[in-house]
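One structure below.
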Amino acid sequence: MSTVGTMKDRVAEPMKIMRRGRAALKTSLAVSALAFLASCARDAPQDTWQPAGPNAEQIDNLQRPVFYVAGVVGVIVFVAIGWAIWRYRDRGQAIPEQTHGKPVVEIVLTVIPALILLGVAIPTAGTIFKLAKTSDTEMTINVTGQQWWWEYDYPAVGSNEEQYGITAPIVTSGQLVIPENTKVLLRVTSRDVIHSYWIPKLNGKKDSVPGRVHLLRLEGAKPGIYAGQCTEFCGLSHSYMRMEAVVLSRADYDAWVANQLEAYTSPAAGTLAAEGEGVFIQQCSRCHQVNGLLNTDGTPIISAPDQYMVSGVAPNLTNLMTRNTFAGASWDLLTPECREDVWKSDSVTFGAKYLKGVTTDCLNQKDLREWLRNAPLKKPMYANPENLAATGGKYRGMPALGLTEDQINSIVAYLLERK
Amino acid sequence: MITTSSKLFYGLGTLSFVGALVWVVAHDGSSLGSVALIFLAISLLFLGGIASYVRDGHVLSTDTAAHPSAPAAQSASGNSWWPLASALSLGMVVVGLISSPGIFKIGIALSIAMFGEWMITNWSDRASANAAYNEKVRGWVVHPLEIPIGGALLMTVIVLSFSRIMLSVSTVAGPLIFAVVGTVVLAGGSLVSVRRGVSKRLVGGACAVALVALTGVGLATALNGERHELVEASEYDHYAVHPCGEEAEEYDEEASRAVSAKSSIAATVIFKDGELYAEMDGFSEPLTSISLQRSYDLTILFRNESVGEHRMILNYGNVIEDLGGGVTRDSKLQACTALIGEGGQQAITVRIPKPSFASPLSPYNIVVSGIEDSSIEVSVP
C-alpha cells in the first residue's frame, strides 16, 4: 500500500505544480490585461501624453524616446531573467563549477547601460534648462496655494499692464485664465503647507512652498480648458484641490480682462439679489472679498480672513460667475450639460462660450446650494468650531454657517450677478 | 579582474565622467564643475584599480588551503572609533539643520571625512594578511588628506582662540599680550634651533601644553563675550535705532539673519544714485511699482548702493486701535530697516493683512527716509 501511495504522490505532485503554475499564469495575464486596458482612457483630461503647449511638448519629446528605450530594455531584462530561471532551474543536477568574475561580460554590461544613460542624460539636461528659461516671459501671474484651493493674482505691473491692459490687480481662483501662445510665468508659492501645481497638458509640476517663490513656465497652444491637480499631499482635502487652466484667444482674453476690471454694480433694489447682497455682507464678507462692495457710510468693505483662517485668505468672489468652478475647482458651477458644451467645443467657439460665464439656466444649483448649506459636509475640512484649539480658533476651509433656505436663495441670486 | 568592490568604484567613476560631460553640455562649455567631476572620476577609478589589484582581499573559494591566511579572514586591527565619529557628525548635521547653517556645513564636512575614514580603514584592515602592511596602505591613501586637513584645523583653532582673546581684552592689553606671546614664541623657537640636542618629546610636549592653554583661554574668553565697547557698538547699530518712530514695528533681526537665507526674496529694493527701484523674479525690468501678496510672509531685501547711510521704509496702511472708552488711535503700519551704509543690505520680513485699496488715504509704498522724490508704489490685491 505504501508503495502505491508513494507512486500516486509522485504522479500527483507534478500535476499539482502544473495546476498552480497555470493559475498563476492566468492571474498574471488577467492583471496585465487590466493594467493595459486601464491605460487606454480616450478622454483623460490630465493625460501627460497629450501635450497642448510648447513646454509640455518639450517634456513629451523627451519622455517618449526614454519610455521606448526603457520598454525595450525592460523586455530584454525580463526575458533574460525568465530564460535564466527556466534554463537553470534546479533539476537535481550537480552544482556547476564556481567561477569568480567574467571581465568581458562585466565590461559589456557596464558600458552598455552607461551609454544608454548618457544618451538619456544629455537631452534631459537640455530640456531641464529650456524649461527653466524665464528671460522671454510675456506675462507674470502669482499663484498661491493654500488648503485647499489656488489663488491667481495678476499684478498690474510691467508687461501685464503695458501689453495686456491689466491696469489694476486681478484676483481670481480655481481657473487660471491665460492668452494663447503667450509665455506666461507663474510665481508659485504657498501660504500654509507645501502644495504642488501641475497642469499636465501644459507643463511639468512645481512645488509651492511657504516662504519660497518657484517659477513655472506655462503656454497654451490653442483655446480650451486644461485640468490639473495638486500633486503634493497637503492635508485632509488634498484630493479636492484641483485647478484648471483656461486658454483664450487674444481677443477673448482682452474681453476677459476688461470684464474683470469692470466696476462693481449693486443688484437692483427690491430684488432677491439685493437681499442676497445684505446677507453676503453679514455672513460672507468677513472672509470673502468682493471688490467694490461698500458699507453704508461709503467706505469699502474689507474682508478680514486673516482673523478667521489659518491661511489668512479666502477666495475673492468679485467675478465668481465668470469661472466655471468653485471650492478649489472641486465642483462645477455649470450643469453637466453646459459644462460638456464648453469643454467639448472647438477652439474657435470655445472663447465665446467660456466668456458667457454661468447663466441662470446653466447654474449647477445642486452643488452650490449643498455647499452653502454645509460646506464641511461636502468637502472635508478642519472646520468644526469645537476642534480649533490647535489653530487658535482659526479654520482651514469654510465652516457651516447655518444659513436658512431663504438666505441661501438670496445669496445664490446675488452670486449669479457676480460676473 | 573586476572584483565586487571595484565595480562600485568603476561605476561611480564612470558616472562622474558622464556627469562631467553633461555638465559641459548643460553649462555651455563651462569648465569649473567638469574639472571637479573629472578629478572625482580619476580618484574613483584609481580606487577601483586598487580594489582590483588586491582582489578585494579575497582568494578563490575553491582554494581552501589559503582560506585561513586570506586577507578577508583576518581580524580587524582593533576597535574602530570611526562609526561613533560618523554618528556624531550626522548628529551635528541634524542639529545644524535646525539651528545654524554654519554647524550644518561643518557637520556635512565632518560626515564626509568620518565616513571616508571609516570606509578606508575597513578596506585597509583587510587589504592583505599582513597587519603592518595594511597600516602602511592606509597611510598611503589617507595621509595626503589627513595631514594637511589636520594642519588646517590646528591653525583654525589657534587663530580662532587667539582672535577671541584679542576681542575680549582691552585695547591697551591687546598689543601687550601680542608682543609678549610673539616674543615667547620667537625666543622658544630660537632656543630649539640653537640647541640641537633638545628632545623631540620635550618640544612636542611644550607645544601641546601651549596649544591646550591657548584653546582653554580662547574658549573662556569666547564664553565671556567681547569687550564692552564692541558690544555697545553692535547694540547701537542694531537695536538703539528706532527708524519709524515709537509706534512703528522694528525690523526682525532674526529674519534678516535666518529667514532671508532660506526663503526667497519677494522683492529686492535698490537705492542707487538717488533713485529707488525694485527687482522681482519674473520681471526682467527694474520696477517702480510692485505687487505684493496679502497675508503672506514677505521677505524684502533693501540694498543701498548710494553714498551715505539710508533706511528703507515700507508703508502698508494704518490700523485703528480701540483704546476703550470710545477712544481710538489711528496708527501707521510701517516696517523699516536699520540705517544701511553704502554697499550694505538688509532683509525685513512683513505680513500685510489688508489690501492696498483698504487705505485710500494712506497709500502703500516703499520710500527711503529723507528722500522725497523717489518711491515705489506697492499694490496688494
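We name chains A, B, ... following the order of the C-alpha cells; residues begin at 1 in each chain, and ligands are numbered from 1 as shown.
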Region 59-129 of chain A: residues DSSP assigns to alpha helix (DSSP H), reported as an MDAnalysis selection string: chainID A and resid 59:87 103:129
With a distance threshold of 8 Å and counting only C-alpha atoms, extract the residues of chain B near chain A and express them as a PyMOL selection string. chain B and resi 1-3+11+14-15+18+22+25-26+60+263-266+281-285+287+289-291+294-298+353-355+358+379+381
Residue nearest His238 (chain A) - candidates A:Phe67, A:Phe280, A:Tyr264, A:Trp150, atoms counted: only C-alpha atoms: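 Comparing A:Phe67, A:Phe280, A:Tyr264, A:Trp150 against His238 (chain A), the winner is A:Trp150.
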Please provide the set of residues having any atom within 12 Å of Phe178 (chain B), restricted to only C-alpha atoms, with same-chain residues fewer than 3 positions apart removed, written as number ranges by chain. B: 162-163, 165-166, 169, 171-175, 181-185
Figure out the distance between CA of Leu333 (chain B) and CA of Arg351 (chain B), please, to one decimal in Å. 10.8 Å
Excluding region 385-398 of chain A and its own-chain neighbours fewer than 4 positions away, which residues fall within 9 Å of it when counting only C-alpha atoms? Please give them as a list in words. Gln146, Gln147, Trp148, Asp306, Gln307, Tyr308, Met309, Val310, Ser311, Ala314, Asn374, Ala375, Pro376, Lys379, Pro380 and Met381 of chain A
Convert the current residue selection to file output with C-alpha atoms, as a PDB file, in the first residue's frame.
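New file result03.pdb:
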```pdb
ATOM      1  CA  GLN A 146      -3.489  77.171   0.457  1.00  0.00           C
ATOM      2  CA  GLN A 147      -5.633  74.450   1.955  1.00  0.00           C
ATOM      3  CA  TRP A 148      -7.340  73.576  -0.431  1.00  0.00           C
ATOM      4  CA  ASP A 306      -6.587  86.689   8.487  1.00  0.00           C
ATOM      5  CA  GLN A 307      -8.694  86.747  11.656  1.00  0.00           C
ATOM      6  CA  TYR A 308     -10.605  83.565  10.829  1.00  0.00           C
ATOM      7  CA  MET A 309      -8.484  81.452   8.504  1.00  0.00           C
ATOM      8  CA  VAL A 310      -5.162  79.701   9.089  1.00  0.00           C
ATOM      9  CA  SER A 311      -4.033  80.626   5.607  1.00  0.00           C
ATOM     10  CA  ALA A 314     -10.450  83.097   1.295  1.00  0.00           C
ATOM     11  CA  ASN A 374     -22.914  72.767   4.930  1.00  0.00           C
ATOM     12  CA  ALA A 375     -19.555  73.110   3.230  1.00  0.00           C
ATOM     13  CA  PRO A 376     -17.575  70.755   5.516  1.00  0.00           C
ATOM     14  CA  LYS A 379     -15.560  68.775   1.337  1.00  0.00           C
ATOM     15  CA  PRO A 380     -13.701  67.509   4.425  1.00  0.00           C
ATOM     16  CA  MET A 381     -12.150  70.469   6.228  1.00  0.00           C
TER      17      MET A 381
END
```
Distance CA of Leu12 (chain B)-CA of Asp125 (chain B), one decimal place? 22.7 Å
Which residues are near Thr121 (chain B)? Cut-off 10 Å, only C-alpha atoms, ignore same chain within fewer than 6 positions. Put them as a list in words. Ala76, Ser77, Ser80, Trp82, Phe115, Ala127, Asn134, Glu135, Val137, Arg138, Gly139, Val141 and Val142 of chain B
Taking 5 positions as the minimum chain separation for residues in the same chain, which residues sit within 8 Å of region 47-58 of chain A when counting only C-alpha atoms? Answer as a list in words. Thr127, Leu131, Pro200, Lys201, Leu202, Asn203, Gly204, Arg217, Leu218, Glu219, Gly220, Ala221 and Lys222 of chain A
Using Å and a single decimal, report how far CA of Glu405 (chain A) sits from CA of Leu368 (chain A).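 The value is 12.5 Å.
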I'd like the neighbourhood of Asp252 (chain A) as a ChimeraX atom specification, where a residue qualifies if any of its atoms comes within 10 Å (using only C-alpha atoms), though same-chain residues fewer than 3 positions away should be ignored. /A:179-180,223,247-249,255-258,350-352,354-355
Given only C-alpha atoms as the counted atoms, nearest of A:Gln63, A:Thr27, A:Asn409, A:Ser347 to Ala274 (chain A): A:Asn409
